[in-house]
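Visitor: I have a structure I would like to understand better, so I am pasting it below and will then ask my questions one at a time.
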Amino acid sequence: MPRASVPSLLVLATALISVGGTAWQVVCSQEPPNTTISAESYGLPPLPASALGPRGAADPPPGRPYFVGSASCATSNCHGGPTGEGRKQGSEYSWWAQDPHSRAYYTLLGKDSQAIVARLRWSQPAHLAEGCLVCHATGDDQAIRAIPHRLAEGVGCESCHGAASEWLDLHVGGAWWAASQAEKQRTGFINTDDLRVRAKMCSDCHVGSSDRAVNHDLYAAGHPPLAFEMSAYHTLLPKHWRRDEDKRRHGETFEAQLWLRGQFAAADAALGRLEQFATDQDAAWPELAEYNCYSCHHELAEPSWRRDPAHGVGRPGSLVWEAPYAELLAAVIPGEEDHALRRELGLLRAAMHESLPRRETVRAAVQRVRRHLARLANEVGDHEASPAALSEQLRRLVQVDSPDATARWSDSTQRYLGVVALRQAVIDVAAAQPELRPPWLEPVGRELVQLRQRLVFPQGYLSPRGRSAQQLEALATSLAAIGELLEAR
Ligand code: HEC
Ligand code: HEC
Ligand code: HEC
Ligand code: HEC
């Protein structure tokens with residue numbers, strides 16, 4: 001589960017900001033803001049430059065757009081204005097400085113990261129290891145890796161908005177406002193306004209992808225598990241953009257669209273990761289992180305609910321492949337494609353449940369599922385869902401048709417988060433049109449509080465503790481109760 005608190009960062013005017021000599025200087029000629037990030041702001045000792053790798057010249061890699069660095073965005077009349085009174089426009093940099101992404105690199109210098117790589121016996125410390133930097137820093141240019149203050153920006157502006165070398169000149173000139181999205185994208189600017197693009201961008205780091213992955217080795221060494229849900233993570237982020245602007249552009253059902261696009265993107269990212277593990281002959285196989293963690297990590301108890309066909313997860317002793325996103329989509333989306341998707345998912349699951357899964361079979365099955373999902377994602381379209389369609393989706397979301405679903409913590413948690421997102425969309429719709437406010441909003445809200453309590457790990461535990469048949473039944477009862485409240489209208 002995501003943690004809700006992000007430590008409040010401070011405001012230091014350390015000279016981490018460098019100034020180059022490009023066109024933006026003409027427009028953004030003022031002083032950089034005094035909101036900047038540094039090791040001290042995270043309670044870490046100051047960085048000796050030597051800790052950051054060799055200093056090198058910033059020779060941009062030839063032939064492709066390169067990263068110019070977040071500092072280029074930071075002057076006070078561009079994106080570095082003050083955040084006072086909830087101001088967003090013009091103060092994006094200052095908001096980002098309070099966003100966990102700005103400390104992603106400093107995390108690698110901390111004790112936890114040092115311990116992780118020591119346990120992995122990697123030859124490099126975390127802050128120099130490509131296996132960590134792929135997600136905790138911006139881009140993958142080795143030339144930029146060599147520039148301490150660039151590396152230190154962590155997940156900077158260009159991680160999400162695209163390498164700026166080709167678009168910065170256009171951006172700081174008046175022509176930007178007149179340019180079409182297509183023109184902007186040709187220069188490498190990422191259209192984060194498009195929710196598919198936005199969800200893919202977040203999922204590539206938060207779920208993993210073919211070139212970024214957290215595997216069981218990293219988990220065993222202490223990396224927090226990557227469990228992602230787009231709408232929840234989007235809500236948790238101290239955003240440098242306005243939610244009401246998102247709703248103005250995407251409609252009042254924005255949160256529901258975000259959830260759905262998030263599920264598609266996360267499903268594809270998780271499958272891309274699996275495809276890569278199956279393809280890469282040097283990767284461990286089968287990759288344990290692809291299976292339900294609690295297939296292996298659970299208490300041995302007598303009697304054991306896991307052996308009970310009504311609650312257990314498959315045949316006792318078998319590994320359970322984990323595909324929360326794809327499975328949930330197959331359950332929630334109506335239509336023809338759904339049957340085909342379920343069939344393909346079933347074949348993939350069977351391949352993953354072999355005692356020694358065959359890489360080739362898994363790879364081919366993954367590719368088929370990804371193709372189905374891509375087609376489905378297009379069919380669903382970006383139209384604004386009606387409140388009736390939302391209620392229908394909600395009903396499907398809480399309808400648990402496989403007996404083992406609630407035994408998988410991840411599945412129940414994704415269902416819970418989905419209900420939260422879709423209910424929020426209904427609340428937003430009803431705020432604009434009170435006559436559409438359904439009577440179930442409050443009772444479902446109360447049931448959600450209970451469901452959440454049943455899912456949260458007890459303090460100090462990193463897994464669902466002491467699960468019993470009764471606890472699993474309580475989860476199923478909660479979901480069914482929500483279903484009944486929805487029916488009551
Ligand atoms: C380049 C990789 C990358 C991208 C892209 C990315 N993130 Fe992150 N995100 C991270 C890393 C790494 C952390 C952990 C930062 C730390 O604490 O060191 C993180 C942390 C977070 C957190 C805080 C989680 C917690 O436990 O407190 C939230 C929320 C979050 N990201 C949401 C998002 C959203 C929403 C998007 C897309 C709009 C996104 N991220 C895109 C890498 C990324
Ligand atoms: C696939 C991308 C990815 C890779 C590779 C990766 N991380 Fe992370 N890491 C994340 C994300 C995303 C988070 C935030 C997780 C969350 O809260 O949901 C995170 C969180 C962390 C945290 C916890 C931060 C906090 O605020 O508590 C530590 C420590 C960490 N990573 C260290 C490492 C180290 C060390 C490596 C390399 C051995 C590494 N990471 C590799 C994506 C990645
Ligand atoms: C974790 C990903 C992420 C990072 C890092 C990030 N952004 Fe954004 N940014 C987004 C998303 C998502 C949106 C909302 C979608 C949109 O408006 O296009 C956004 C919106 C914006 C907007 C438009 C706001 C509006 O009012 O419409 C600006 C300007 C912006 N970002 C600038 C920056 C700057 C400057 C930085 C670095 C200091 C930065 N962003 C870092 C993801 C990110
Ligand atoms: C196929 C069985 C299997 C699966 C599935 C599995 N693990 Fe493990 N895991 C192991 C084994 C075996 C060890 C090594 C035993 C030990 O060190 O006690 C281990 C060790 C660990 C450790 C370090 C040892 C400890 O007890 O702290 C962590 C943390 C961990 N796994 C997390 C996970 C997470 C998170 C997942 C799901 C994403 C997962 N595992 C899935 C078999 C598995």
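Ordering of the structure tokens sets the chain letters (A, B, ...), residue numbers begin anew at 1 in every chain, and ligands are numbered from 1 in the order given.
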Which residues, written as a PyMOL selection string, have at least one atom at most 12 Å from A:Arg437, with only C-alpha atoms counted and residues fewer than 3 positions away on the same chain left out?
Guide: chain A and resi 387-388+391+423-434+440-442+489
Visitor: Grab me every residue within 9 Å of ligand 2, counting only C-alpha atoms and all ligand atoms, and send it over as a ChimeraX atom specification.
Guide: /A:1-3,6,100-101,103-105,107-117,120,122,125-127,129-136,202-209,211-215,218,221-228,233
Visitor: Please identify the residues whose atoms come within 12 Å of ligand 4, using only C-alpha atoms and all ligand atoms, and report them as a ChimeraX atom specification.
Guide: /A:116,119-120,207,213-227,270,284-299,317-323,352-353,355-356,408-410,461-464
Visitor: Can you pull out the residues contacting A:Asp244? Cut-off 12 Å, using only C-alpha atoms, and skip same-chain residues under 4 positions away; I want them as a list in words.
Guide: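 In the requested form, the answer reads Lys88, Lys239, Arg248, Arg249, His250, Gly251, Glu252, Thr253, Phe254, Glu255 and Asp428 of chain A.
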Visitor: Using only C-alpha atoms and all ligand atoms, which protein or nucleic acid residues are at most 10 Å from ligand 3, as a PyMOL selection string?
Guide: chain A and resi 36+69-75+78-80+87-97+99-102+138+153-162+190-195+197-199+201-202+205+234+237+239-246+249
Visitor: Go through A:Ala179, A:Ala476, A:Val400, A:Met230 one by one, measure the shortest atom-to-atom distance of each to ligand 1 using only C-alpha atoms and all ligand atoms, and give the residue with the smallest value.
Guide: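 Looking only at the distances to ligand 1, the closest residue turns out to be A:Met230.
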Visitor: Show me, as a PyMOL selection string, the residues that have an atom within 10 Å of A:Leu170 when counting only C-alpha atoms, minus same-chain residues fewer than 2 positions from it.
Guide: chain A and resi 23-24+164+166-168+172-177+179+184+187
Visitor: Choose the residue, out of A:Thr477, A:Thr235, A:Ser123, A:Thr361, that has the smallest atom-to-atom separation from ligand 1; count only C-alpha atoms and all ligand atoms.
Guide: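 Nearest to ligand 1: A:Thr235.
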Visitor: Which residues in stretch 29-248 of chain A does DSSP call alpha helix (DSSP H)? List them as a PDB file with C-alpha atoms, in the first residue's frame.
Guide:
ATOM      1  CA  GLU A  92       5.714  23.703 -10.835  1.00  0.00           C
ATOM      2  CA  TYR A  93       9.383  23.425  -9.886  1.00  0.00           C
ATOM      3  CA  SER A  94       8.688  24.522  -6.339  1.00  0.00           C
ATOM      4  CA  TRP A  95       5.912  21.919  -6.030  1.00  0.00           C
ATOM      5  CA  TRP A  96       8.122  19.240  -7.516  1.00  0.00           C
ATOM      6  CA  ALA A 104      14.537   9.687  -5.660  1.00  0.00           C
ATOM      7  CA  TYR A 105      18.289   9.974  -6.177  1.00  0.00           C
ATOM      8  CA  TYR A 106      19.049  10.935  -2.584  1.00  0.00           C
ATOM      9  CA  THR A 107      17.251   7.773  -1.535  1.00  0.00           C
ATOM     10  CA  LEU A 108      20.059   5.849  -3.210  1.00  0.00           C
ATOM     11  CA  LEU A 109      22.590   7.518  -0.904  1.00  0.00           C
ATOM     12  CA  LYS A 111      21.242   3.667   4.587  1.00  0.00           C
ATOM     13  CA  ASP A 112      18.441   1.499   3.186  1.00  0.00           C
ATOM     14  CA  SER A 113      19.837   1.631  -0.315  1.00  0.00           C
ATOM     15  CA  GLN A 114      23.367   0.983   0.834  1.00  0.00           C
ATOM     16  CA  ALA A 115      22.113  -2.065   2.690  1.00  0.00           C
ATOM     17  CA  ILE A 116      20.186  -3.300  -0.366  1.00  0.00           C
ATOM     18  CA  VAL A 117      23.205  -3.260  -2.681  1.00  0.00           C
ATOM     19  CA  ALA A 118      25.504  -4.645   0.029  1.00  0.00           C
ATOM     20  CA  ARG A 119      23.146  -7.611   0.414  1.00  0.00           C
ATOM     21  CA  LEU A 120      23.028  -8.014  -3.352  1.00  0.00           C
ATOM     22  CA  GLU A 130      22.434   1.438 -13.398  1.00  0.00           C
ATOM     23  CA  GLY A 131      20.037  -1.147 -11.901  1.00  0.00           C
ATOM     24  CA  CYS A 132      18.854   1.543  -9.448  1.00  0.00           C
ATOM     25  CA  LEU A 133      19.352   4.687 -11.520  1.00  0.00           C
ATOM     26  CA  VAL A 134      16.974   3.490 -14.271  1.00  0.00           C
ATOM     27  CA  CYS A 135      14.072   4.396 -11.996  1.00  0.00           C
ATOM     28  CA  HIS A 136      15.628   6.737  -9.439  1.00  0.00           C
ATOM     29  CA  GLN A 142      25.830   8.209 -19.505  1.00  0.00           C
ATOM     30  CA  ALA A 143      27.157  11.699 -20.225  1.00  0.00           C
ATOM     31  CA  ILE A 144      24.549  13.120 -17.875  1.00  0.00           C
ATOM     32  CA  ARG A 145      25.183  10.443 -15.269  1.00  0.00           C
ATOM     33  CA  PRO A 148      26.654  15.441 -10.214  1.00  0.00           C
ATOM     34  CA  HIS A 149      23.935  18.071  -9.957  1.00  0.00           C
ATOM     35  CA  ARG A 150      22.043  16.564 -12.879  1.00  0.00           C
ATOM     36  CA  LEU A 151      22.060  13.120 -11.410  1.00  0.00           C
ATOM     37  CA  CYS A 157      10.905  17.265 -15.081  1.00  0.00           C
ATOM     38  CA  GLU A 158      12.150  15.500 -18.191  1.00  0.00           C
ATOM     39  CA  SER A 159      11.531  11.996 -16.773  1.00  0.00           C
ATOM     40  CA  CYS A 160       7.861  12.744 -17.278  1.00  0.00           C
ATOM     41  CA  HIS A 161       7.781  15.542 -19.855  1.00  0.00           C
ATOM     42  CA  LEU A 168      13.112  23.860 -25.138  1.00  0.00           C
ATOM     43  CA  ASP A 169      13.676  26.598 -27.720  1.00  0.00           C
ATOM     44  CA  LEU A 170      10.154  26.237 -29.067  1.00  0.00           C
ATOM     45  CA  HIS A 171       8.843  26.031 -25.505  1.00  0.00           C
ATOM     46  CA  VAL A 172      10.301  29.298 -24.271  1.00  0.00           C
ATOM     47  CA  ALA A 175       5.365  29.738 -30.803  1.00  0.00           C
ATOM     48  CA  TRP A 176       4.782  27.091 -28.111  1.00  0.00           C
ATOM     49  CA  TRP A 177       1.299  28.314 -27.365  1.00  0.00           C
ATOM     50  CA  ALA A 178       0.312  28.115 -31.002  1.00  0.00           C
ATOM     51  CA  GLN A 181       0.239  18.603 -29.743  1.00  0.00           C
ATOM     52  CA  ALA A 182       1.550  16.732 -32.787  1.00  0.00           C
ATOM     53  CA  GLU A 183       4.215  19.382 -33.378  1.00  0.00           C
ATOM     54  CA  LYS A 184       5.226  19.330 -29.728  1.00  0.00           C
ATOM     55  CA  GLN A 185       5.462  15.560 -29.703  1.00  0.00           C
ATOM     56  CA  ARG A 186       7.687  15.578 -32.767  1.00  0.00           C
ATOM     57  CA  LEU A 195      -4.352   9.836 -19.832  1.00  0.00           C
ATOM     58  CA  ARG A 196      -3.068   6.781 -21.701  1.00  0.00           C
ATOM     59  CA  VAL A 197       0.307   8.406 -22.058  1.00  0.00           C
ATOM     60  CA  ARG A 198       0.270   9.618 -18.461  1.00  0.00           C
ATOM     61  CA  ALA A 199      -0.638   6.182 -17.101  1.00  0.00           C
ATOM     62  CA  LYS A 200       2.005   4.449 -19.188  1.00  0.00           C
ATOM     63  CA  MET A 201       4.650   6.902 -18.056  1.00  0.00           C
ATOM     64  CA  CYS A 202       3.918   6.293 -14.354  1.00  0.00           C
ATOM     65  CA  SER A 203       3.558   2.516 -14.789  1.00  0.00           C
ATOM     66  CA  ASP A 204       6.892   2.138 -16.544  1.00  0.00           C
ATOM     67  CA  CYS A 205       8.611   2.957 -13.236  1.00  0.00           C
ATOM     68  CA  HIS A 206       5.962   1.961 -10.700  1.00  0.00           C
ATOM     69  CA  HIS A 216      12.824 -10.978  -6.382  1.00  0.00           C
ATOM     70  CA  ASP A 217      16.537 -10.435  -5.709  1.00  0.00           C
ATOM     71  CA  LEU A 218      15.820  -6.755  -5.059  1.00  0.00           C
ATOM     72  CA  TYR A 219      12.803  -7.560  -2.917  1.00  0.00           C
ATOM     73  CA  ALA A 220      14.736 -10.116  -0.909  1.00  0.00           C
ATOM     74  CA  ALA A 221      17.480  -7.523  -0.400  1.00  0.00           C
ATOM     75  CA  MET A 230      -2.905   4.968 -10.853  1.00  0.00           C
ATOM     76  CA  SER A 231      -5.716   6.935  -9.260  1.00  0.00           C
ATOM     77  CA  ALA A 232      -4.414   6.412  -5.704  1.00  0.00           C
ATOM     78  CA  TYR A 233      -0.830   7.325  -6.591  1.00  0.00           C
ATOM     79  CA  HIS A 234      -2.023  10.309  -8.582  1.00  0.00           C
ATOM     80  CA  THR A 235      -3.973  11.475  -5.540  1.00  0.00           C
ATOM     81  CA  LEU A 236      -1.013  10.962  -3.197  1.00  0.00           C
ATOM     82  CA  ARG A 243      -7.148  18.655 -10.383  1.00  0.00           C
ATOM     83  CA  ASP A 244      -9.975  20.935 -11.481  1.00  0.00           C
ATOM     84  CA  GLU A 245      -8.078  21.591 -14.713  1.00  0.00           C
ATOM     85  CA  ASP A 246      -7.825  17.828 -15.250  1.00  0.00           C
ATOM     86  CA  LYS A 247     -11.576  17.575 -14.700  1.00  0.00           C
ATOM     87  CA  ARG A 248     -12.254  20.485 -17.027  1.00  0.00           C
TER      88      ARG A 248
END
Visitor: For A:Gly483, please output as a PyMOL selection string all residues within 12 Å (counting only C-alpha atoms; exclusion window: fewer than 4 positions along the same chain).
Guide: chain A and resi 391-400+419+440+443-444+447-448+476-479+487-489
Visitor: Store the residues picked out above in a file with N, CA and C atoms, as an mmCIF file, in the first residue's frame.
Guide:
data_model
loop_
_atom_site.group_PDB
_atom_site.id
_atom_site.type_symbol
_atom_site.label_atom_id
_atom_site.label_comp_id
_atom_site.auth_asym_id
_atom_site.auth_seq_id
_atom_site.Cartn_x
_atom_site.Cartn_y
_atom_site.Cartn_z
ATOM 1 N N SER A 391 -21.783 2.905 -12.435
ATOM 2 C CA SER A 391 -22.383 1.982 -11.468
ATOM 3 C C SER A 391 -22.224 0.549 -11.951
ATOM 4 N N GLU A 392 -22.385 0.360 -13.264
ATOM 5 C CA GLU A 392 -22.257 -0.985 -13.824
ATOM 6 C C GLU A 392 -20.822 -1.493 -13.616
ATOM 7 N N GLN A 393 -19.845 -0.626 -13.859
ATOM 8 C CA GLN A 393 -18.446 -1.019 -13.653
ATOM 9 C C GLN A 393 -18.188 -1.342 -12.182
ATOM 10 N N LEU A 394 -18.771 -0.521 -11.312
ATOM 11 C CA LEU A 394 -18.611 -0.764 -9.878
ATOM 12 C C LEU A 394 -19.161 -2.133 -9.503
ATOM 13 N N ARG A 395 -20.340 -2.448 -10.046
ATOM 14 C CA ARG A 395 -20.953 -3.738 -9.732
ATOM 15 C C ARG A 395 -20.052 -4.890 -10.164
ATOM 16 N N ARG A 396 -19.462 -4.756 -11.348
ATOM 17 C CA ARG A 396 -18.584 -5.822 -11.832
ATOM 18 C C ARG A 396 -17.322 -5.921 -10.965
ATOM 19 N N LEU A 397 -16.880 -4.759 -10.506
ATOM 20 C CA LEU A 397 -15.640 -4.714 -9.733
ATOM 21 C C LEU A 397 -15.768 -5.468 -8.407
ATOM 22 N N VAL A 398 -16.954 -5.414 -7.800
ATOM 23 C CA VAL A 398 -17.100 -6.071 -6.493
ATOM 24 C C VAL A 398 -17.659 -7.494 -6.617
ATOM 25 N N GLN A 399 -17.925 -7.892 -7.867
ATOM 26 C CA GLN A 399 -18.439 -9.243 -8.078
ATOM 27 C C GLN A 399 -17.251 -10.204 -8.192
ATOM 28 N N VAL A 400 -17.015 -10.952 -7.135
ATOM 29 C CA VAL A 400 -15.846 -11.824 -7.130
ATOM 30 C C VAL A 400 -16.287 -13.207 -7.555
ATOM 31 N N VAL A 419 -12.882 0.702 -6.452
ATOM 32 C CA VAL A 419 -14.162 1.223 -5.948
ATOM 33 C C VAL A 419 -13.970 2.662 -5.465
ATOM 34 N N TRP A 440 -26.502 5.414 -2.669
ATOM 35 C CA TRP A 440 -25.528 4.484 -2.067
ATOM 36 C C TRP A 440 -24.204 5.130 -1.700
ATOM 37 N N PRO A 443 -23.471 4.965 2.314
ATOM 38 C CA PRO A 443 -23.293 3.594 2.822
ATOM 39 C C PRO A 443 -22.082 2.877 2.202
ATOM 40 N N VAL A 444 -21.853 3.070 0.908
ATOM 41 C CA VAL A 444 -20.681 2.424 0.298
ATOM 42 C C VAL A 444 -19.398 2.998 0.911
ATOM 43 N N GLU A 447 -18.788 1.224 4.137
ATOM 44 C CA GLU A 447 -18.317 -0.150 3.914
ATOM 45 C C GLU A 447 -16.844 -0.146 3.472
ATOM 46 N N LEU A 448 -16.480 0.885 2.707
ATOM 47 C CA LEU A 448 -15.086 0.976 2.247
ATOM 48 C C LEU A 448 -14.118 1.141 3.416
ATOM 49 N N ALA A 476 -14.701 -11.019 1.417
ATOM 50 C CA ALA A 476 -15.730 -11.341 0.429
ATOM 51 C C ALA A 476 -17.066 -10.711 0.834
ATOM 52 N N THR A 477 -17.360 -10.737 2.150
ATOM 53 C CA THR A 477 -18.626 -10.173 2.629
ATOM 54 C C THR A 477 -18.666 -8.667 2.380
ATOM 55 N N SER A 478 -17.546 -7.999 2.645
ATOM 56 C CA SER A 478 -17.471 -6.558 2.412
ATOM 57 C C SER A 478 -17.753 -6.227 0.952
ATOM 58 N N LEU A 479 -17.104 -6.966 0.057
ATOM 59 C CA LEU A 479 -17.296 -6.703 -1.375
ATOM 60 C C LEU A 479 -18.744 -6.988 -1.770
ATOM 61 N N GLU A 487 -27.019 -2.299 -5.787
ATOM 62 C CA GLU A 487 -28.276 -2.791 -6.355
ATOM 63 C C GLU A 487 -29.467 -2.032 -5.785
ATOM 64 N N ALA A 488 -29.373 -1.718 -4.456
ATOM 65 C CA ALA A 488 -30.511 -1.099 -3.783
ATOM 66 C C ALA A 488 -30.876 0.249 -4.407
ATOM 67 N N ARG A 489 -29.918 0.882 -5.049
ATOM 68 C CA ARG A 489 -30.116 2.187 -5.689
ATOM 69 C C ARG A 489 -30.690 3.214 -4.751
#
Visitor: When you count only C-alpha atoms, which of these residues is closest to A:Trp305: A:Thr83, A:Gln124, A:Pro238, A:Leu472?
Guide: A:Leu472
Visitor: To one decimal place, how far is atom CA of A:Arg454 from atom CA of A:Ala474 in Å?
Guide: 7.9 Å
Visitor: If you measure from atom CA of A:Leu451 to atom 28 (C, counted along the ligand's line) of ligand 1, what distance in Å do you get, rounded to one decimal?
Guide: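 Value for the atom CA of A:Leu451-atom 28 (C, counted along the ligand's line) of ligand 1 distance: 22.6 Å.
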Visitor: Which one is closest to ligand 1: A:Ala266, A:Ala146, A:Leu329, A:Leu373? Count only C-alpha atoms and all ligand atoms.
Guide: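 Nearest to ligand 1: A:Ala266.
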